[in-house]
file coords_24.cif (mmCIF, C-alpha atoms)
data_protein
loop_
_atom_site.label_atom_id
_atom_site.label_comp_id
_atom_site.auth_asym_id
_atom_site.auth_seq_id
_atom_site.Cartn_x
_atom_site.Cartn_y
_atom_site.Cartn_z
CA MET R 794 112.01 117.60 79.35
CA ILE R 795 109.92 120.21 77.48
CA GLU R 796 108.56 119.57 74.01
CA ILE R 797 106.26 121.53 71.70
CA THR R 798 105.46 119.61 68.56
CA HIS R 799 103.12 119.23 65.61
CA ASP R 800 103.41 115.44 65.90
CA GLU R 801 100.93 113.22 67.70
CA LEU R 802 101.70 112.98 71.42
CA ASN R 803 102.61 109.64 72.94
CA ALA R 804 101.78 109.61 76.66
CA ALA R 805 103.82 106.44 77.25
CA GLU R 806 106.88 108.07 75.78
CA VAL R 807 106.46 111.17 77.95
CA GLU R 808 105.95 108.98 81.01
CA ALA R 809 109.12 107.03 80.21
CA ARG R 810 111.13 110.26 80.53
CA VAL R 811 110.32 110.57 84.26
CA ARG R 812 111.07 106.97 85.29
CA HIS R 813 113.55 106.91 88.16
CA PRO R 814 114.65 104.18 90.62
CA GLY R 815 113.64 106.44 93.53
CA ALA R 816 110.18 107.17 92.09
CA GLY R 817 107.33 105.46 93.89
CA ALA R 818 104.66 107.44 92.07
CA ILE R 819 104.23 108.66 88.53
CA VAL R 820 101.26 110.86 87.67
CA VAL R 821 100.47 111.53 84.04
CA PHE R 822 97.96 114.10 82.82
CA VAL R 823 96.61 113.87 79.30
CA GLY R 824 94.56 116.80 78.05
CA ALA R 825 92.35 115.65 75.21
CA THR R 826 90.15 117.51 72.79
CA ARG R 827 86.47 117.15 73.76
CA ASP R 828 83.55 116.74 71.40
CA ASN R 829 81.63 119.60 73.01
CA THR R 830 82.00 122.95 74.77
CA ALA R 831 79.07 124.13 76.87
CA GLY R 832 76.86 121.72 74.95
CA ARG R 833 77.95 122.92 71.50
CA LYS R 834 79.38 120.25 69.24
CA VAL R 835 83.07 120.72 68.45
CA LEU R 836 84.36 119.25 65.18
CA ALA R 837 88.10 119.92 65.45
CA LEU R 838 90.65 122.14 67.17
CA GLU R 839 93.74 124.02 66.31
CA TYR R 840 96.58 125.08 68.58
CA GLU R 841 98.96 127.94 67.86
CA ALA R 842 102.00 128.96 69.94
CA TYR R 843 104.32 131.94 70.23
CA ARG R 844 107.71 130.31 70.04
CA PRO R 845 110.24 130.32 71.57
CA MET R 846 108.36 132.15 74.36
CA ALA R 847 106.00 129.19 74.83
CA ASP R 848 109.00 126.87 75.26
CA GLU R 849 110.52 129.23 77.82
CA GLN R 850 107.28 129.54 79.76
CA LEU R 851 106.87 125.75 79.80
CA GLU R 852 110.42 125.53 81.17
CA ARG R 853 109.41 128.05 83.80
CA VAL R 854 106.43 125.91 84.81
CA ALA R 855 108.71 122.89 85.12
CA SER R 856 111.16 124.90 87.26
CA GLU R 857 108.37 126.11 89.52
CA MET R 858 107.30 122.50 90.01
CA GLN R 859 110.83 121.39 90.88
CA GLU R 860 111.26 124.27 93.32
CA ARG R 861 108.00 123.65 95.08
CA TRP R 862 107.97 119.85 95.34
CA ASP R 863 110.55 117.13 95.77
CA LEU R 864 110.32 115.46 92.36
CA THR R 865 112.42 112.86 90.58
CA GLY R 866 111.25 113.85 87.12
CA VAL R 867 109.11 116.27 85.10
CA ALA R 868 108.25 116.06 81.39
CA ILE R 869 105.81 118.26 79.47
CA ALA R 870 104.72 117.91 75.85
CA HIS R 871 102.29 120.23 74.07
CA ARG R 872 100.82 119.60 70.65
CA LEU R 873 100.27 122.26 67.98
CA GLY R 874 98.31 122.38 64.74
CA ARG R 875 95.00 120.82 63.84
CA LEU R 876 93.68 118.08 66.15
CA ASP R 877 90.77 115.72 65.80
CA ILE R 878 88.41 115.06 68.74
CA GLY R 879 89.94 112.74 71.32
CA GLU R 880 93.54 113.53 70.41
CA ALA R 881 95.94 114.59 73.13
CA SER R 882 96.88 118.27 73.19
CA LEU R 883 98.96 118.15 76.38
CA VAL R 884 100.82 115.46 78.30
CA VAL R 885 102.49 116.15 81.65
CA ALA R 886 104.34 113.39 83.50
CA VAL R 887 105.67 113.83 87.05
CA SER R 888 107.51 111.34 89.21
CA SER R 889 108.26 111.51 92.90
CA ALA R 890 109.10 109.25 95.82
CA HIS R 891 105.56 109.73 97.15
CA ARG R 892 102.23 110.16 95.43
CA LYS R 893 100.96 113.36 97.04
CA GLU R 894 103.85 115.38 95.60
CA ALA R 895 103.34 113.87 92.15
CA PHE R 896 99.58 114.53 92.13
CA ASP R 897 99.91 118.08 93.46
CA ALA R 898 102.74 119.04 91.11
CA CYS R 899 101.00 117.58 88.07
CA HIS R 900 97.71 119.34 88.82
CA PHE R 901 99.58 122.60 89.45
CA SER R 902 101.37 122.32 86.12
CA VAL R 903 98.16 122.14 84.12
CA ASP R 904 96.64 125.12 85.95
CA ARG R 905 99.86 127.05 85.48
CA ILE R 906 100.17 126.24 81.77
CA LYS R 907 96.66 127.63 81.31
CA GLN R 908 97.71 130.85 83.07
CA ILE R 909 101.00 131.80 81.46
CA VAL R 910 102.05 129.74 78.43
CA PRO R 911 101.38 131.59 75.15
CA ILE R 912 99.46 128.89 73.34
CA TRP R 913 95.99 129.42 71.89
CA LYS R 914 93.22 127.05 70.97
CA LYS R 915 90.67 127.58 68.24
CA GLU R 916 87.50 125.49 68.27
CA TYR R 917 85.78 124.64 65.01
CA PHE R 918 82.01 124.19 65.21
CA GLU R 919 79.50 123.57 62.47
CA GLY R 920 79.25 126.94 60.76
CA GLY R 921 81.79 128.74 62.91
CA GLU R 922 85.06 128.92 64.74
CA VAL R 923 86.26 130.72 67.83
CA TRP R 924 89.52 131.44 69.62
CA VAL R 925 89.12 130.27 73.20
CA GLY R 926 90.36 132.44 76.09
CA SER R 927 88.88 134.76 78.68
CA GLN R 928 90.10 138.34 78.83
CA ALA R 929 88.69 138.71 82.35
CA ASP R 930 90.79 135.89 83.81
CA PHE R 931 94.00 136.58 81.95
CA ASP R 932 96.70 138.16 84.12
CA PRO R 933 100.00 136.35 83.54
CA ILE R 934 102.03 138.99 85.38
CA GLY R 935 99.78 139.38 88.41
CA VAL R 936 98.98 135.73 88.98
CA ARG R 937 101.32 133.96 91.41
CA PRO R 938 102.28 130.29 91.11
CA MET M 1270 87.79 97.84 84.05
CA ILE M 1271 89.47 96.02 86.97
CA GLU M 1272 92.43 93.74 86.46
CA ILE M 1273 94.71 91.83 88.83
CA THR M 1274 97.51 90.10 87.00
CA HIS M 1275 100.94 88.51 87.27
CA ASP M 1276 101.88 90.05 83.91
CA GLU M 1277 103.79 93.27 83.48
CA LEU M 1278 101.49 96.31 83.56
CA ASN M 1279 101.19 98.52 80.52
CA ALA M 1280 100.10 102.03 81.52
CA ALA M 1281 99.29 103.00 77.93
CA GLU M 1282 96.93 100.05 77.62
CA VAL M 1283 95.17 100.95 80.89
CA GLU M 1284 94.88 104.57 79.76
CA ALA M 1285 93.38 103.49 76.44
CA ARG M 1286 90.49 101.90 78.35
CA VAL M 1287 89.27 105.28 79.63
CA ARG M 1288 89.42 107.23 76.35
CA HIS M 1289 86.08 108.86 75.61
CA PRO M 1290 84.97 111.60 73.19
CA GLY M 1291 83.62 113.64 76.13
CA ALA M 1292 86.84 113.33 78.15
CA GLY M 1293 88.89 116.50 78.34
CA ALA M 1294 91.23 115.13 80.99
CA ILE M 1295 92.83 111.79 81.62
CA VAL M 1296 94.88 111.27 84.77
CA VAL M 1297 97.01 108.17 85.11
CA PHE M 1298 98.72 107.05 88.29
CA VAL M 1299 101.56 104.56 88.11
CA GLY M 1300 102.79 103.11 91.40
CA ALA M 1301 106.33 101.86 90.95
CA THR M 1302 108.62 99.85 93.20
CA ARG M 1303 111.25 102.12 94.79
CA ASP M 1304 114.87 101.26 95.40
CA ASN M 1305 114.68 102.27 99.05
CA THR M 1306 112.38 102.46 102.07
CA ALA M 1307 113.33 104.87 104.83
CA GLY M 1308 116.88 104.86 103.48
CA ARG M 1309 117.20 101.07 103.40
CA LYS M 1310 118.05 99.60 100.01
CA VAL M 1311 115.29 97.44 98.53
CA LEU M 1312 116.31 94.70 96.08
CA ALA M 1313 112.93 93.38 94.94
CA LEU M 1314 109.29 93.16 95.95
CA GLU M 1315 106.53 90.65 95.96
CA TYR M 1316 102.78 91.22 95.93
CA GLU M 1317 100.21 88.73 97.15
CA ALA M 1318 96.42 89.08 96.96
CA TYR M 1319 93.37 87.42 98.49
CA ARG M 1320 91.28 86.68 95.47
CA PRO M 1321 88.50 87.10 94.54
CA MET M 1322 88.08 89.49 97.49
CA ALA M 1323 90.77 91.80 96.13
CA ASP M 1324 88.96 91.98 92.79
CA GLU M 1325 85.69 92.79 94.54
CA GLN M 1326 87.29 95.49 96.68
CA LEU M 1327 88.90 97.05 93.61
CA GLU M 1328 85.47 97.09 91.97
CA ARG M 1329 84.17 98.77 95.09
CA VAL M 1330 86.84 101.48 94.83
CA ALA M 1331 85.88 102.05 91.18
CA SER M 1332 82.19 102.29 92.14
CA GLU M 1333 82.95 104.78 94.90
CA MET M 1334 84.84 106.91 92.36
CA GLN M 1335 81.96 106.83 89.89
CA GLU M 1336 79.45 107.73 92.61
CA ARG M 1337 81.47 110.63 93.93
CA TRP M 1338 82.69 112.25 90.70
CA ASP M 1339 81.33 112.72 87.20
CA LEU M 1340 83.72 110.48 85.27
CA THR M 1341 83.77 109.17 81.73
CA GLY M 1342 86.02 106.21 82.53
CA VAL M 1343 87.88 104.33 85.27
CA ALA M 1344 90.40 101.51 84.85
CA ILE M 1345 92.52 99.89 87.57
CA ALA M 1346 95.24 97.26 87.14
CA HIS M 1347 97.25 95.73 90.00
CA ARG M 1348 100.28 93.52 89.54
CA LEU M 1349 101.05 90.45 91.64
CA GLY M 1350 104.15 88.30 92.11
CA ARG M 1351 107.79 89.25 92.17
CA LEU M 1352 108.73 92.70 90.83
CA ASP M 1353 112.06 94.29 90.12
CA ILE M 1354 112.79 97.87 91.17
CA GLY M 1355 111.12 100.43 88.90
CA GLU M 1356 108.39 98.09 87.72
CA ALA M 1357 104.78 99.23 87.97
CA SER M 1358 102.71 97.59 90.71
CA LEU M 1359 99.57 99.66 90.18
CA VAL M 1360 98.08 101.64 87.32
CA VAL M 1361 94.90 103.71 87.70
CA ALA M 1362 93.48 105.68 84.78
CA VAL M 1363 90.58 108.10 85.15
CA SER M 1364 88.93 110.24 82.50
CA SER M 1365 86.52 113.10 82.94
CA ALA M 1366 85.23 116.15 81.12
CA HIS M 1367 87.30 118.37 83.44
CA ARG M 1368 90.67 117.90 85.08
CA LYS M 1369 89.81 118.54 88.73
CA GLU M 1370 87.46 115.55 88.84
CA ALA M 1371 90.02 113.30 87.18
CA PHE M 1372 92.84 114.36 89.53
CA ASP M 1373 90.71 114.09 92.67
CA ALA M 1374 89.20 110.72 91.74
CA CYS M 1375 92.57 109.25 90.77
CA HIS M 1376 94.26 110.40 93.99
CA PHE M 1377 91.32 109.09 96.02
CA SER M 1378 91.54 105.68 94.34
CA VAL M 1379 95.15 105.15 95.36
CA ASP M 1380 94.48 106.17 98.97
CA ARG M 1381 91.43 103.94 99.04
CA ILE M 1382 93.22 100.92 97.54
CA LYS M 1383 95.79 101.25 100.31
CA GLN M 1384 92.99 101.22 102.90
CA ILE M 1385 90.78 98.34 101.88
CA VAL M 1386 92.08 96.09 99.10
CA PRO M 1387 93.54 92.82 100.44
CA ILE M 1388 96.89 92.93 98.69
CA TRP M 1389 100.18 92.70 100.53
CA LYS M 1390 103.70 93.75 99.64
CA LYS M 1391 106.88 92.08 100.83
CA GLU M 1392 110.14 93.99 100.52
CA TYR M 1393 113.39 92.10 100.03
CA PHE M 1394 116.49 93.78 101.48
CA GLU M 1395 120.04 92.52 101.64
CA GLY M 1396 119.87 89.91 104.37
CA GLY M 1397 116.18 90.21 105.11
CA GLU M 1398 112.61 90.58 104.02
CA VAL M 1399 109.54 92.14 105.55
CA TRP M 1400 105.81 92.28 104.92
CA VAL M 1401 104.84 95.93 104.75
CA GLY M 1402 101.72 97.20 106.54
CA SER M 1403 100.88 99.10 109.69
CA GLN M 1404 98.58 97.50 112.23
CA ALA M 1405 97.94 100.90 113.83
CA ASP M 1406 96.51 102.45 110.65
CA PHE M 1407 94.55 99.46 109.41
CA ASP M 1408 90.80 99.83 109.89
CA PRO M 1409 89.03 98.81 106.66
CA ILE M 1410 85.60 98.72 108.31
CA GLY M 1411 85.85 101.98 110.23
CA VAL M 1412 87.49 104.09 107.54
CA ARG M 1413 85.07 106.04 105.34
CA PRO M 1414 85.69 106.77 101.67
CA MET J 298 79.87 73.78 112.05
CA LYS J 299 82.95 73.87 109.78
CA ILE J 300 84.50 77.22 108.95
CA THR J 301 87.49 77.53 106.63
CA VAL J 302 89.90 80.32 107.54
CA TYR J 303 92.49 81.60 105.06
CA LEU J 304 95.66 83.32 106.20
CA PHE J 305 97.75 85.68 104.10
CA ALA J 306 101.14 87.34 103.98
CA THR J 307 102.68 87.73 107.45
CA TYR J 308 99.88 85.74 109.14
CA ARG J 309 100.40 82.84 106.74
CA GLU J 310 104.11 82.83 107.52
CA ILE J 311 103.49 83.00 111.28
CA ALA J 312 101.01 80.10 111.08
CA GLY J 313 103.10 78.07 108.65
CA THR J 314 99.93 77.44 106.67
CA GLY J 315 97.54 79.40 104.49
CA ARG J 316 94.44 77.58 105.61
CA LEU J 317 92.84 76.29 108.79
CA THR J 318 89.54 74.54 109.35
CA LEU J 319 87.75 75.39 112.59
CA ASP J 320 84.89 73.56 114.22
CA LEU J 321 82.65 76.25 115.71
CA ALA J 322 79.22 76.14 117.31
CA PRO J 323 76.13 77.53 115.58
CA GLY J 324 75.70 81.17 116.61
CA ASP J 325 79.45 81.71 116.97
CA THR J 326 80.70 85.10 115.83
CA VAL J 327 83.78 86.51 114.17
CA ALA J 328 85.04 87.20 117.73
CA SER J 329 84.82 83.46 118.55
CA LEU J 330 86.67 82.67 115.33
CA ALA J 331 89.41 85.17 116.11
CA SER J 332 89.88 83.72 119.64
CA SER J 333 90.01 80.17 118.25
CA VAL J 334 92.65 81.10 115.70
CA THR J 335 94.86 82.97 118.17
CA ALA J 336 94.61 79.99 120.54
CA LEU J 337 95.78 77.70 117.74
CA VAL J 338 98.45 79.99 116.30
CA PRO J 339 100.86 81.70 118.68
CA GLY J 340 102.41 84.94 117.48
CA LEU J 341 99.35 86.55 115.87
CA PRO J 342 98.10 89.95 117.11
CA PRO J 343 95.54 89.83 119.95
CA ALA J 344 92.19 88.37 118.85
CA ASP J 345 90.30 91.64 119.31
CA ARG J 346 92.67 93.37 116.89
CA LEU J 347 92.28 90.87 114.05
CA VAL J 348 90.51 92.05 110.91
CA VAL J 349 88.32 89.33 109.45
CA ALA J 350 86.56 88.94 106.15
CA VAL J 351 83.67 86.53 105.70
CA ASN J 352 82.74 85.51 102.16
CA ASN J 353 84.87 88.35 100.76
CA GLU J 354 83.37 91.10 102.93
CA TYR J 355 84.96 92.78 105.91
CA ARG J 356 82.86 91.92 109.00
CA ASP J 357 82.66 93.29 112.54
CA HIS J 358 83.49 90.98 115.42
CA ASP J 359 79.81 90.57 116.35
CA PHE J 360 78.96 89.15 112.91
CA ILE J 361 77.40 85.68 113.25
CA LEU J 362 78.95 82.91 111.17
CA SER J 363 77.09 80.24 109.23
CA ASP J 364 78.08 76.69 108.33
CA GLY J 365 80.30 76.65 105.25
CA ASP J 366 81.38 80.29 105.52
CA GLU J 367 84.76 81.15 104.09
CA ALA J 368 86.65 83.44 106.45
CA ALA J 369 90.01 85.13 106.10
CA LEU J 370 92.35 86.89 108.48
CA ILE J 371 93.39 90.10 106.76
CA PRO J 372 96.73 91.55 107.85
CA PRO J 373 97.24 95.31 107.32
CA VAL J 374 97.07 95.73 103.56
CA SER J 375 99.95 97.25 101.60
CA GLY J 376 99.02 97.11 97.96
CA GLY J 377 99.24 100.00 95.55
CA MET C 1435 113.70 153.29 67.24
CA LYS C 1436 112.23 150.26 65.46
CA ILE C 1437 110.18 147.77 67.47
CA THR C 1438 108.76 144.61 65.92
CA VAL C 1439 105.39 143.55 67.34
CA TYR C 1440 104.01 140.06 66.77
CA LEU C 1441 100.31 139.31 66.95
CA PHE C 1442 98.76 135.90 67.61
CA ALA C 1443 95.50 134.04 67.43
CA THR C 1444 92.48 136.35 67.63
CA TYR C 1445 94.65 139.52 67.53
CA ARG C 1446 96.37 138.31 64.36
CA GLU C 1447 93.00 137.72 62.73
CA ILE C 1448 91.68 141.12 63.84
CA ALA C 1449 94.79 142.86 62.47
CA GLY C 1450 94.97 140.77 59.33
CA THR C 1451 98.69 140.39 59.92
CA GLY C 1452 100.96 138.60 62.40
CA ARG C 1453 103.59 141.31 62.46
CA LEU C 1454 103.83 145.09 62.68
CA THR C 1455 106.84 147.36 62.83
CA LEU C 1456 106.49 150.47 64.99
CA ASP C 1457 108.67 153.53 65.05
CA LEU C 1458 108.84 154.61 68.69
CA ALA C 1459 110.91 157.20 70.52
CA PRO C 1460 113.74 156.28 72.88
CA GLY C 1461 112.32 155.98 76.41
CA ASP C 1462 108.94 154.81 75.16
CA THR C 1463 107.26 152.16 77.28
CA VAL C 1464 105.05 149.16 76.73
CA ALA C 1465 102.12 151.54 77.34
CA SER C 1466 103.22 153.68 74.36
CA LEU C 1467 103.53 150.56 72.25
CA ALA C 1468 100.04 149.37 73.23
CA SER C 1469 98.54 152.78 72.36
CA SER C 1470 100.32 152.85 69.01
CA VAL C 1471 99.05 149.40 68.12
CA THR C 1472 95.45 150.09 69.10
CA ALA C 1473 95.58 153.32 67.05
CA LEU C 1474 96.76 151.30 64.03
CA VAL C 1475 94.46 148.30 64.50
CA PRO C 1476 90.78 148.91 65.24
CA GLY C 1477 88.97 146.15 67.10
CA LEU C 1478 91.62 145.25 69.65
CA PRO C 1479 90.86 145.50 73.39
CA PRO C 1480 91.65 148.89 75.00
CA ALA C 1481 95.39 149.61 75.15
CA ASP C 1482 95.53 149.48 78.94
CA ARG C 1483 94.13 145.92 78.89
CA LEU C 1484 96.68 144.52 76.44
CA VAL C 1485 99.18 141.98 77.75
CA VAL C 1486 102.59 142.48 76.18
CA ALA C 1487 105.71 140.35 76.12
CA VAL C 1488 109.11 141.84 75.34
CA ASN C 1489 111.88 139.48 74.27
CA ASN C 1490 109.82 136.49 75.47
CA GLU C 1491 109.05 137.89 78.94
CA TYR C 1492 105.77 139.32 80.15
CA ARG C 1493 106.32 143.00 80.94
CA ASP C 1494 104.34 145.64 82.83
CA HIS C 1495 103.12 148.69 80.94
CA ASP C 1496 105.80 150.89 82.51
CA PHE C 1497 108.60 148.74 81.09
CA ILE C 1498 110.95 150.84 78.92
CA LEU C 1499 111.63 149.52 75.43
CA SER C 1500 115.00 149.46 73.67
CA ASP C 1501 115.85 149.63 69.99
CA GLY C 1502 115.53 146.21 68.34
CA ASP C 1503 113.24 144.75 71.01
CA GLU C 1504 110.87 142.03 69.89
CA ALA C 1505 107.43 142.60 71.39
CA ALA C 1506 104.28 140.52 71.18
CA LEU C 1507 100.63 141.12 72.00
CA ILE C 1508 99.49 138.10 73.98
CA PRO C 1509 95.76 137.37 73.81
CA PRO C 1510 94.28 135.37 76.71
CA VAL C 1511 96.03 132.01 76.51
CA SER C 1512 94.08 128.77 76.12
CA GLY C 1513 96.63 126.00 75.81
CA GLY C 1514 96.57 122.79 77.76
#

call {"tool": "encode", "arguments": {"input": "coords_24.cif", "output": "structure tokens"}}
result
Amino acid sequence: MIEITHDELNAAEVEARVRHPGAGAIVVFVGATRDNTAGRKVLALEYEAYRPMADEQLERVASEMQERWDLTGVAIAHRLGRLDIGEASLVVAVSSAHRKEAFDACHFSVDRIKQIVPIWKKEYFEGGEVWVGSQADFDPIGVRP
Amino acid sequence: MIEITHDELNAAEVEARVRHPGAGAIVVFVGATRDNTAGRKVLALEYEAYRPMADEQLERVASEMQERWDLTGVAIAHRLGRLDIGEASLVVAVSSAHRKEAFDACHFSVDRIKQIVPIWKKEYFEGGEVWVGSQADFDPIGVRP
Amino acid sequence: MKITVYLFATYREIAGTGRLTLDLAPGDTVASLASSVTALVPGLPPADRLVVAVNNEYRDHDFILSDGDEAALIPPVSGG
Amino acid sequence: MKITVYLFATYREIAGTGRLTLDLAPGDTVASLASSVTALVPGLPPADRLVVAVNNEYRDHDFILSDGDEAALIPPVSGG
């Protein structure tokens, strides 16, 4: 249910993994690379992961979701490597009997991935590049799910 | 951006309609037909709409979303006719620069569709069938978005 | 004046038809329409509880109808 | 004891390498490791601010290391 890959992500394929006869709601999140950050034009992005820790932390996020909500399926896929603008970097699919659980769990997962999963994004601008990430907000041990 | 159809829904196709270079987040909701309601086994479902009022009310939901949140795309597709268990009855796709807007707008749309859009669902059980819908909760004029 | 009234889902099944034509007086409101329909069709909810759309818009019971309006009785919706 | 330390993203670029090997004493903690790395690699954040994983788990600075542990300096993450 967890996948980290250099291949292009296919949201439909990730969604298919959470289909279930008892699922009334499926919520899919697709994180895509934007053409700007704070008004500055972004040309491309690159994602790097610490594996297998990133895989284990994604598994942990999925477990936290399953513990906290009554879900019929969870699937998470994260892309690595160089991405063009508009390409999907993250796909999370969640299914549940009812929609509130699916929405809440899916939203939680994205927040949580951005707190604890050791994956880093570099943005390439015209004439520069920068690793994204805020030292001030980063506290993967202290932050609670 | 609004579609009411007797054909099978394709979530990937609906999602593709909201892709945008400024979109960092796409949230897709898929409403699927469940195999049970309050523990009773459901065999199939049927959706009926009052058209073109249903189309107009779906457009209204999309407009309310666009007014309330800063979105880069909205697409809604609702299925009509007879559906087997597990088939998608509703797909909503929302894109935005940031994920909170996309999640909130998408969740809102589903709640709102269930308040005001003149579409009805009939559930077929073994030995019976019933039109779903609660008279007590139905107040499409009084309810505010 | 002639007003066409469409019925859907459970109301259509109760009435045994999806469409009625009512002859109402000029100045008649949605409330008059609802009373006329419940008088014609036994088994519907009470007239004052009926939700009515006129020309594809939800309308209050004091809304005044015009000749040729298309009305619809809207049972509790259950799409999604 | 030998401890391997991996560096990622901005830390890897600052260090010019993705991997260091430290020779630490038995009983040394994550805090000792962080100090050793910042002494070796100028330009990193202060040692007490470094987030460290040991064998794929985030660990507090008082966590005691064992021979053969795989450690990693984790810069602020930005996946998703």

call {"tool": "interface_residues", "arguments": {"input": "coords_24.cif", "of": "chain M", "to": "chain C", "cutoff": "12 Å", "atoms": "all atoms listed in the file", "output": "ChimeraX atom specification"}}
result
/M:1293-1294,1367-1368

call {"tool": "resolve_selection", "arguments": {"input": "coords_24.cif", "expression": "the PyMOL selection byres ((chain C and resi 1497) around 12)", "output": "list in words"}}
result
Gly1461, Asp1462, Thr1463, Val1464, Ala1465, Ser1466, Leu1467, Ala1468, Val1486, Ala1487, Val1488, Asn1489, Glu1491, Tyr1492, Arg1493, Asp1494, His1495, Asp1496, Ile1498, Leu1499, Ser1500, Asp1503 and Ala1505 of chain C

call {"tool": "resolve_selection", "arguments": {"input": "coords_24.cif", "expression": "the PyMOL selection byres ((chain C and resi 1507) around 9)", "output": "short mmCIF file (atom, residue, chain, number, x, y, z; two decimals) with C-alpha atoms, in the coordinates of the input"}}
result
data_model
loop_
_atom_site.label_atom_id
_atom_site.label_comp_id
_atom_site.auth_asym_id
_atom_site.auth_seq_id
_atom_site.Cartn_x
_atom_site.Cartn_y
_atom_site.Cartn_z
CA VAL C 1439 105.39 143.55 67.34
CA TYR C 1440 104.01 140.06 66.77
CA LEU C 1441 100.31 139.31 66.95
CA PHE C 1442 98.76 135.90 67.61
CA TYR C 1445 94.65 139.52 67.53
CA ALA C 1468 100.04 149.37 73.23
CA LEU C 1484 96.68 144.52 76.44
CA VAL C 1485 99.18 141.98 77.75
CA VAL C 1486 102.59 142.48 76.18
CA ALA C 1487 105.71 140.35 76.12
CA ALA C 1505 107.43 142.60 71.39
CA ALA C 1506 104.28 140.52 71.18
CA ILE C 1508 99.49 138.10 73.98
CA PRO C 1509 95.76 137.37 73.81
#

call {"tool": "resolve_selection", "arguments": {"input": "coords_24.cif", "expression": "the PyMOL selection byres ((chain M and resi 1349-1351) around 9)", "output": "ChimeraX atom specification"}}
result
/M:1273-1276,1313-1318,1347-1348,1352-1353,1358,1388

call {"tool": "atom_distance", "arguments": {"input": "coords_24.cif", "atom1": "atom CA of R:Asp828", "atom2": "atom CA of C:Ile1448"}}
result
26.8 Å

call {"tool": "interface_residues", "arguments": {"input": "coords_24.cif", "of": "chain M", "to": "chain R", "cutoff": "6 Å", "atoms": "all atoms listed in the file", "output": "list in words"}}
result
Ala1281, Pro1290, Gly1291, Ala1292, Gly1293, Ala1294, Ile1295, Val1296, Val1297, Phe1298, Val1299, Gly1300, Ala1301, Thr1302, Arg1303, Asp1304 and Gly1355 of chain M

call {"tool": "build_atoms", "arguments": {"input": "coords_24.cif", "residues": "stretch 1468-1480 of chain C", "atoms": "N, CA and C atoms", "output": "PDB file, in the frame of the given file"}}
result
ATOM      1  N   ALA C1468     101.427 149.845  73.259  1.00  0.00           N
ATOM      2  CA  ALA C1468     100.040 149.370  73.230  1.00  0.00           C
ATOM      3  C   ALA C1468      99.142 150.442  72.600  1.00  0.00           C
ATOM      4  N   SER C1469      99.344 151.699  72.953  1.00  0.00           N
ATOM      5  CA  SER C1469      98.540 152.780  72.360  1.00  0.00           C
ATOM      6  C   SER C1469      98.762 152.886  70.866  1.00  0.00           C
ATOM      7  N   SER C1470     100.017 152.778  70.437  1.00  0.00           N
ATOM      8  CA  SER C1470     100.320 152.850  69.010  1.00  0.00           C
ATOM      9  C   SER C1470      99.627 151.732  68.254  1.00  0.00           C
ATOM     10  N   VAL C1471      99.654 150.529  68.819  1.00  0.00           N
ATOM     11  CA  VAL C1471      99.050 149.400  68.120  1.00  0.00           C
ATOM     12  C   VAL C1471      97.539 149.552  68.050  1.00  0.00           C
ATOM     13  N   THR C1472      96.913 149.953  69.136  1.00  0.00           N
ATOM     14  CA  THR C1472      95.450 150.090  69.100  1.00  0.00           C
ATOM     15  C   THR C1472      95.028 151.236  68.163  1.00  0.00           C
ATOM     16  N   ALA C1473      95.872 152.248  68.014  1.00  0.00           N
ATOM     17  CA  ALA C1473      95.580 153.320  67.050  1.00  0.00           C
ATOM     18  C   ALA C1473      95.646 152.789  65.620  1.00  0.00           C
ATOM     19  N   LEU C1474      96.578 151.882  65.377  1.00  0.00           N
ATOM     20  CA  LEU C1474      96.760 151.300  64.030  1.00  0.00           C
ATOM     21  C   LEU C1474      95.708 150.248  63.709  1.00  0.00           C
ATOM     22  N   VAL C1475      95.311 149.481  64.728  1.00  0.00           N
ATOM     23  CA  VAL C1475      94.460 148.300  64.500  1.00  0.00           C
ATOM     24  C   VAL C1475      93.146 148.458  65.249  1.00  0.00           C
ATOM     25  N   PRO C1476      92.071 148.826  64.550  1.00  0.00           N
ATOM     26  CA  PRO C1476      90.780 148.910  65.240  1.00  0.00           C
ATOM     27  C   PRO C1476      90.286 147.505  65.607  1.00  0.00           C
ATOM     28  N   GLY C1477      89.571 147.430  66.727  1.00  0.00           N
ATOM     29  CA  GLY C1477      88.970 146.150  67.100  1.00  0.00           C
ATOM     30  C   GLY C1477      89.716 145.408  68.179  1.00  0.00           C
ATOM     31  N   LEU C1478      90.899 145.881  68.541  1.00  0.00           N
ATOM     32  CA  LEU C1478      91.620 145.250  69.650  1.00  0.00           C
ATOM     33  C   LEU C1478      91.019 145.721  70.983  1.00  0.00           C
ATOM     34  N   PRO C1479      91.277 145.013  72.073  1.00  0.00           N
ATOM     35  CA  PRO C1479      90.860 145.500  73.390  1.00  0.00           C
ATOM     36  C   PRO C1479      91.541 146.849  73.675  1.00  0.00           C
ATOM     37  N   PRO C1480      91.031 147.606  74.656  1.00  0.00           N
ATOM     38  CA  PRO C1480      91.650 148.890  75.000  1.00  0.00           C
ATOM     39  C   PRO C1480      93.130 148.715  75.326  1.00  0.00           C
TER      40      PRO C1480
END
